[in-house]
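> Pasting a structure here, questions to come.
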Amino acid sequence: MIKNLYGKIVIKIGTNLLADKEKGINLSRIESIARDISYFKDKIFVIVSSGAIGAGVSALKLKEVPKTIPEKQATAAVGQPLLMSAYEESFRKFNKNVAQVLLTKDDFTDRKRYCNAKNTFSVLFSKNVIPIVNENDTVAVEEIKVGDNDNIAALVANLIEADLLIILSNVDGFYSDDPTRNEKAKLIPVIEKITPEIERLAKKSKDALSTGGMFTKVQAAKRCVSSGISVVIANGTTPNIIKSILENNFKGTVFLPQKNKLSYKDKWIAYVSNVKGSVIIDNGAKDAILKKGKSLLPSGVLNVTGNFKKGDVLSVVDSDGNEIARGVSNYSSNDILKIKGKKTSEIEKILQTKSCDEIIHRNNLVIV
């Protein structure tokens with residue numbers, strides 16, 4: 001299922017592979033990763049690396065992972081240079097240069113910063129430098145955090161228009177149930193479509209150092225496959241795992257990319273932009289959007305959550321609370337509250353103006 005023609009690859013490496021709160025950074029594993037990557041001369045790699053907080057916990061001899069944001073930021077500030085030093089030393093053995101790239105959510109959602117980040121990666125690639133990416137934990141507060149490196153890896157994969165995202169963890173792949181609790185759980189080698197059942201099966205991790213679990217990995221896969229990017233989840237403790245994956249000889253799970261991938265604009269709306277609020281719609285509007293490819297009209301809106309303005313991205317939620325789409329709103333939250341449930345012919349009378357008939361036009365609406 002893995003094609004040799006994949007030229008641009010993002011590799012996400014989990015905390016539990018790189019950092020132990022007692023032993024610190026796993027230098028031998030980082031060197032193994034560097035060896036695997038250096039073997040492929042004709043491919044471009046980006047590493048999204050967890051482990052800064054874990055490395056800091058060990059260096060500071062803390063008994064447990066900090067709970068507050070300032071403490072986490074300080075611990076990450078200690079651990080990040082140690083982590084980068086380990087990568088630099090390992091890749092130098094194979095005559096490779098690395099660069100540290102620290103990102104926050106704003107680097108993806110702000111259009112100008114998004115373009116700047118994209119240009120930075122392009123220059124690094126042209127100089128044969130391997131970017132080592134992490135969330136900028138030392139400055140990120142909740143409002144500007146992505147929150148987990150699985151989804152950062154997916155955002156980076158979309159940003160650089162990668163062909164493949166490899167997520168390495170301490171599990172073999174996606175199972176039919178939690179293998180630590182059910183010995184009959186089976187590894188699913190290929191997932192053609194991420195269904196609600198697949199999402200329900202994804203369990204959150206209980207690991208002390210890890211931020212994400214299988215749930216965030218499935219979220220990341222969902223961001224990627226809709227953009228035509230293949231995703232692999234595999235066990236990073238397996239020797240030469242990256243080489244094995246790229247030679248299509250590995251144990252793990254492959255999420256196949258969708259054939260009809262999202263356009264650049266739709267990808268931005270669905271998986272990159274900040275969602276500022278939501279509209280709850282009735283079943284008639286749901287069928288019109290999902291089955292008939294229609295726009296969202298005021299008559300189908302039941303309620304509104306959040307405080308947003310015209311031009312903001314909204315989540316479209318059905319009456320059962322399921323998100324079905326995202327789109328760019330033609331009206332503010334206050335205006336939608338006034339016209340919800342009304343016919344388009346009534347908009348101008350209610351608002352004393354009418355910019356358009358649709359709450360969200362089909363051209364700016366993406367099924368998720």
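Ordering of the structure tokens sets the chain letters (A, B, ...); residue numbers start at 1 within each chain; ligands are numbered from 1 in the order shown.
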Just list the residues in stretch 146-238 of chain A DSSP gives strand (DSSP E or B) on the backbone, as a list in words.
Leu164, Leu165, Ile166, Ile167, Leu168, Ser169, Tyr175, Leu187, Val190, Ile191, Ser230, Val231, Val232, Ile233, Ala234 and Asn235 of chain A
> Could you list, as number ranges by chain, every residue within 12 Å of A:Pro179, counting only C-alpha atoms and ignoring same-chain residues fewer than 6 positions away?
A: 171-173, 185-188, 201-203, 214
> Check the smallest atom-to-atom distance from each of A:Ser273, A:Asn134, A:Thr15, A:Asn303 to A:Ser169 using only C-alpha atoms, then report the winner.
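Among A:Ser273, A:Asn134, A:Thr15, A:Asn303, it is A:Thr15 that comes nearest to A:Ser169.
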> Between A:Gln73, A:Thr109, A:Ser50, A:Gln80, which residue has the minimum interatomic distance to A:Asn149, considering only C-alpha atoms?
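Selected residue with least distance to A:Asn149: A:Ser50.
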> Kindly indicate which residue among A:Gln258, A:Asn151, A:Thr195, A:Thr104 lies nearest to A:Ile11, using only C-alpha atoms for the distances.
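Once distances to A:Ile11 are computed over only C-alpha atoms, the minimum belongs to A:Asn151.
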> List the neighbours of A:Ile367 out to 12 Å using only C-alpha atoms; skip same-chain residues closer than 3 positions along the sequence, and give me the result as a ChimeraX atom specification.
/A:226,261-262,266-267,269-271,286,288-291,293-295,315-317,322-327,362-364
> So, with only C-alpha atoms as the atoms that count, which of A:Leu155, A:Val46, A:Glu71, A:Tyr264 lies closest to A:Ser122?
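Among the listed residues, the smallest separation from A:Ser122 belongs to A:Val46.
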> Just the alpha helix (DSSP H) stuff from stretch 156-331 of chain A, please, per backbone DSSP, written as a PyMOL selection string.
chain A and resi 156-159+196-201+214-225+241-246+264-267+283-290
> What does the distance between atom CA of A:Pro70 and atom CA of A:Ile152 come to in Å, to one decimal place?
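The value is 21.0 Å.
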> Kindly indicate which residue among A:Arg29, A:Lys276, A:Arg113, A:Lys61 lies nearest to A:Asn240, using only C-alpha atoms for the distances.
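Closest candidate: A:Arg29.
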> A:Asn136, A:Asn128, A:Ser85, A:Thr353: which is nearest A:Asp106, counting only C-alpha atoms?
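Looking at the shortest contact to A:Asp106, the residue is A:Asn136.
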> Please identify all polymer residues within 7 Å of A:Leu302, counting only C-alpha atoms, omitting same-chain residues fewer than 6 positions from it, and present them as a list in words.
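Selected residues are Ile280, Ile281, Asp282, Lys340 and Gly341 of chain A.
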> Atom CA of A:Gly300 and atom CA of A:Asp287, how far apart in Å?
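Spanning atom CA of A:Asp287 to atom CA of A:Gly300 is a straight-line distance of 10.3 Å.
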> Which residues are near A:Leu159? Cut-off 9 Å, only C-alpha atoms, ignore same chain within fewer than 5 positions. Put them as a ChimeraX atom specification.
/A:108,114-115,117-118,154
> For those residues, write N, CA and C atoms to a file as an mmCIF file, in the first residue's frame.

```cif
data_model
loop_
_atom_site.group_PDB
_atom_site.id
_atom_site.type_symbol
_atom_site.label_atom_id
_atom_site.label_comp_id
_atom_site.auth_asym_id
_atom_site.auth_seq_id
_atom_site.Cartn_x
_atom_site.Cartn_y
_atom_site.Cartn_z
ATOM 1 N N PHE A 108 -0.728 28.522 11.561
ATOM 2 C CA PHE A 108 -1.540 27.823 10.559
ATOM 3 C C PHE A 108 -2.796 28.618 10.206
ATOM 4 N N TYR A 114 0.920 31.635 7.805
ATOM 5 C CA TYR A 114 0.859 30.342 7.114
ATOM 6 C C TYR A 114 1.765 30.356 5.884
ATOM 7 N N CYS A 115 1.667 31.420 5.103
ATOM 8 C CA CYS A 115 2.501 31.548 3.902
ATOM 9 C C CYS A 115 3.973 31.675 4.268
ATOM 10 N N ALA A 117 5.436 30.413 6.918
ATOM 11 C CA ALA A 117 5.891 29.080 7.333
ATOM 12 C C ALA A 117 6.131 28.192 6.118
ATOM 13 N N LYS A 118 5.220 28.247 5.171
ATOM 14 C CA LYS A 118 5.356 27.442 3.945
ATOM 15 C C LYS A 118 6.643 27.801 3.199
ATOM 16 N N ALA A 154 -0.294 16.588 11.108
ATOM 17 C CA ALA A 154 -1.255 16.624 10.005
ATOM 18 C C ALA A 154 -1.309 18.009 9.374
#
```
> Which residues, written as a short mmCIF file (atom, residue, chain, number, x, y, z; two decimals) with N, CA and C atoms, in the first residue's frame, have at least one atom at most 12 Å from A:Ala157, with only C-alpha atoms counted and residues fewer than 3 positions away on the same chain left out?

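out-v2.cif written:
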```cif
data_model
loop_
_atom_site.label_atom_id
_atom_site.label_comp_id
_atom_site.auth_asym_id
_atom_site.auth_seq_id
_atom_site.Cartn_x
_atom_site.Cartn_y
_atom_site.Cartn_z
N LYS A 8 7.70 13.36 -0.43
CA LYS A 8 7.69 14.31 0.68
C LYS A 8 6.96 13.67 1.85
N ILE A 9 7.68 13.46 2.96
CA ILE A 9 7.16 12.64 4.05
C ILE A 9 7.30 13.35 5.38
N VAL A 10 6.22 13.36 6.16
CA VAL A 10 6.24 13.89 7.52
C VAL A 10 6.22 12.70 8.48
N ILE A 11 7.12 12.73 9.46
CA ILE A 11 7.18 11.67 10.47
C ILE A 11 6.93 12.26 11.84
N LYS A 12 5.88 11.81 12.50
CA LYS A 12 5.59 12.25 13.85
C LYS A 12 6.07 11.19 14.82
N ILE A 44 12.23 13.95 0.73
CA ILE A 44 12.23 15.09 1.64
C ILE A 44 11.51 14.68 2.91
N PHE A 45 12.13 14.95 4.05
CA PHE A 45 11.55 14.55 5.34
C PHE A 45 11.35 15.76 6.25
N VAL A 46 10.27 15.70 7.02
CA VAL A 46 10.05 16.62 8.14
C VAL A 46 9.75 15.75 9.35
N ILE A 47 10.39 16.06 10.47
CA ILE A 47 10.11 15.33 11.72
C ILE A 47 9.31 16.23 12.64
N VAL A 48 8.18 15.73 13.11
CA VAL A 48 7.41 16.42 14.14
C VAL A 48 7.67 15.65 15.43
N PHE A 108 -0.73 28.52 11.56
CA PHE A 108 -1.54 27.82 10.56
C PHE A 108 -2.80 28.62 10.21
N LYS A 118 5.22 28.25 5.17
CA LYS A 118 5.36 27.44 3.95
C LYS A 118 6.64 27.80 3.20
N PHE A 121 9.79 26.41 5.06
CA PHE A 121 10.00 24.99 4.78
C PHE A 121 10.61 24.80 3.38
N VAL A 133 10.15 19.77 13.95
CA VAL A 133 9.02 20.63 14.32
C VAL A 133 8.46 20.23 15.69
N ASN A 149 0.77 16.78 19.09
CA ASN A 149 1.65 16.73 17.92
C ASN A 149 1.13 15.85 16.79
N ASP A 150 0.15 15.00 17.06
CA ASP A 150 -0.48 14.25 15.97
C ASP A 150 -1.14 15.22 14.99
N ASN A 151 -1.93 16.14 15.54
CA ASN A 151 -2.62 17.10 14.67
C ASN A 151 -1.67 18.16 14.12
N ILE A 152 -0.63 18.52 14.87
CA ILE A 152 0.38 19.42 14.30
C ILE A 152 1.03 18.75 13.09
N ALA A 153 1.33 17.46 13.20
CA ALA A 153 1.93 16.74 12.09
C ALA A 153 1.01 16.75 10.87
N ALA A 154 -0.29 16.59 11.11
CA ALA A 154 -1.26 16.62 10.01
C ALA A 154 -1.31 18.01 9.37
N ILE A 160 2.94 21.60 3.76
CA ILE A 160 4.02 21.36 2.79
C ILE A 160 3.56 20.49 1.62
N GLU A 161 2.26 20.12 1.63
CA GLU A 161 1.69 19.26 0.59
C GLU A 161 2.46 17.94 0.48
N ALA A 162 2.55 17.28 1.64
CA ALA A 162 3.25 16.00 1.73
C ALA A 162 2.48 14.89 1.02
N ASP A 163 3.16 13.80 0.76
CA ASP A 163 2.54 12.62 0.16
C ASP A 163 2.15 11.60 1.22
N LEU A 164 2.88 11.63 2.35
CA LEU A 164 2.70 10.59 3.36
C LEU A 164 2.98 11.16 4.75
N LEU A 165 2.11 10.79 5.71
CA LEU A 165 2.35 11.08 7.13
C LEU A 165 2.54 9.75 7.84
N ILE A 166 3.67 9.61 8.53
CA ILE A 166 3.95 8.43 9.34
C ILE A 166 3.85 8.84 10.81
N ILE A 167 2.98 8.17 11.56
CA ILE A 167 2.83 8.44 12.99
C ILE A 167 3.42 7.25 13.76
N ALA A 220 -5.87 13.22 13.13
CA ALA A 220 -4.80 13.62 12.22
C ALA A 220 -4.95 12.93 10.87
N ALA A 221 -5.29 11.64 10.90
CA ALA A 221 -5.49 10.91 9.66
C ALA A 221 -6.64 11.50 8.85
N ARG A 223 -7.63 14.61 8.82
CA ARG A 223 -7.16 15.84 8.19
C ARG A 223 -6.38 15.56 6.91
N CYS A 224 -5.66 14.44 6.92
CA CYS A 224 -4.75 14.16 5.80
C CYS A 224 -5.41 13.44 4.63
N VAL A 225 -6.17 12.38 4.91
CA VAL A 225 -6.69 11.56 3.81
C VAL A 225 -7.62 12.36 2.91
N SER A 226 -8.34 13.34 3.50
CA SER A 226 -9.23 14.16 2.69
C SER A 226 -8.46 15.08 1.76
N SER A 227 -7.16 15.24 2.04
CA SER A 227 -6.31 16.08 1.19
C SER A 227 -5.44 15.25 0.26
N GLY A 228 -5.69 13.94 0.23
CA GLY A 228 -4.92 13.08 -0.66
C GLY A 228 -3.61 12.60 -0.09
N ILE A 229 -3.46 12.70 1.24
CA ILE A 229 -2.22 12.29 1.90
C ILE A 229 -2.45 10.95 2.60
N SER A 230 -1.62 9.96 2.30
CA SER A 230 -1.70 8.68 2.99
C SER A 230 -1.16 8.81 4.41
N VAL A 231 -1.67 7.96 5.32
CA VAL A 231 -1.23 8.00 6.72
C VAL A 231 -0.92 6.58 7.18
N LYS A 267 -9.69 22.70 2.02
CA LYS A 267 -8.81 22.15 3.05
C LYS A 267 -8.62 23.17 4.18
N TYR A 271 -10.06 22.13 7.89
CA TYR A 271 -9.10 21.58 8.85
C TYR A 271 -8.03 22.54 9.34
N VAL A 272 -7.99 23.77 8.85
CA VAL A 272 -6.94 24.69 9.27
C VAL A 272 -7.49 25.91 9.99
#
```
> Rounded to one decimal, what separation in Å do you get between atom CA of A:Leu296 and atom CA of A:Asn260?
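Here the two named atoms are 22.4 Å from each other.
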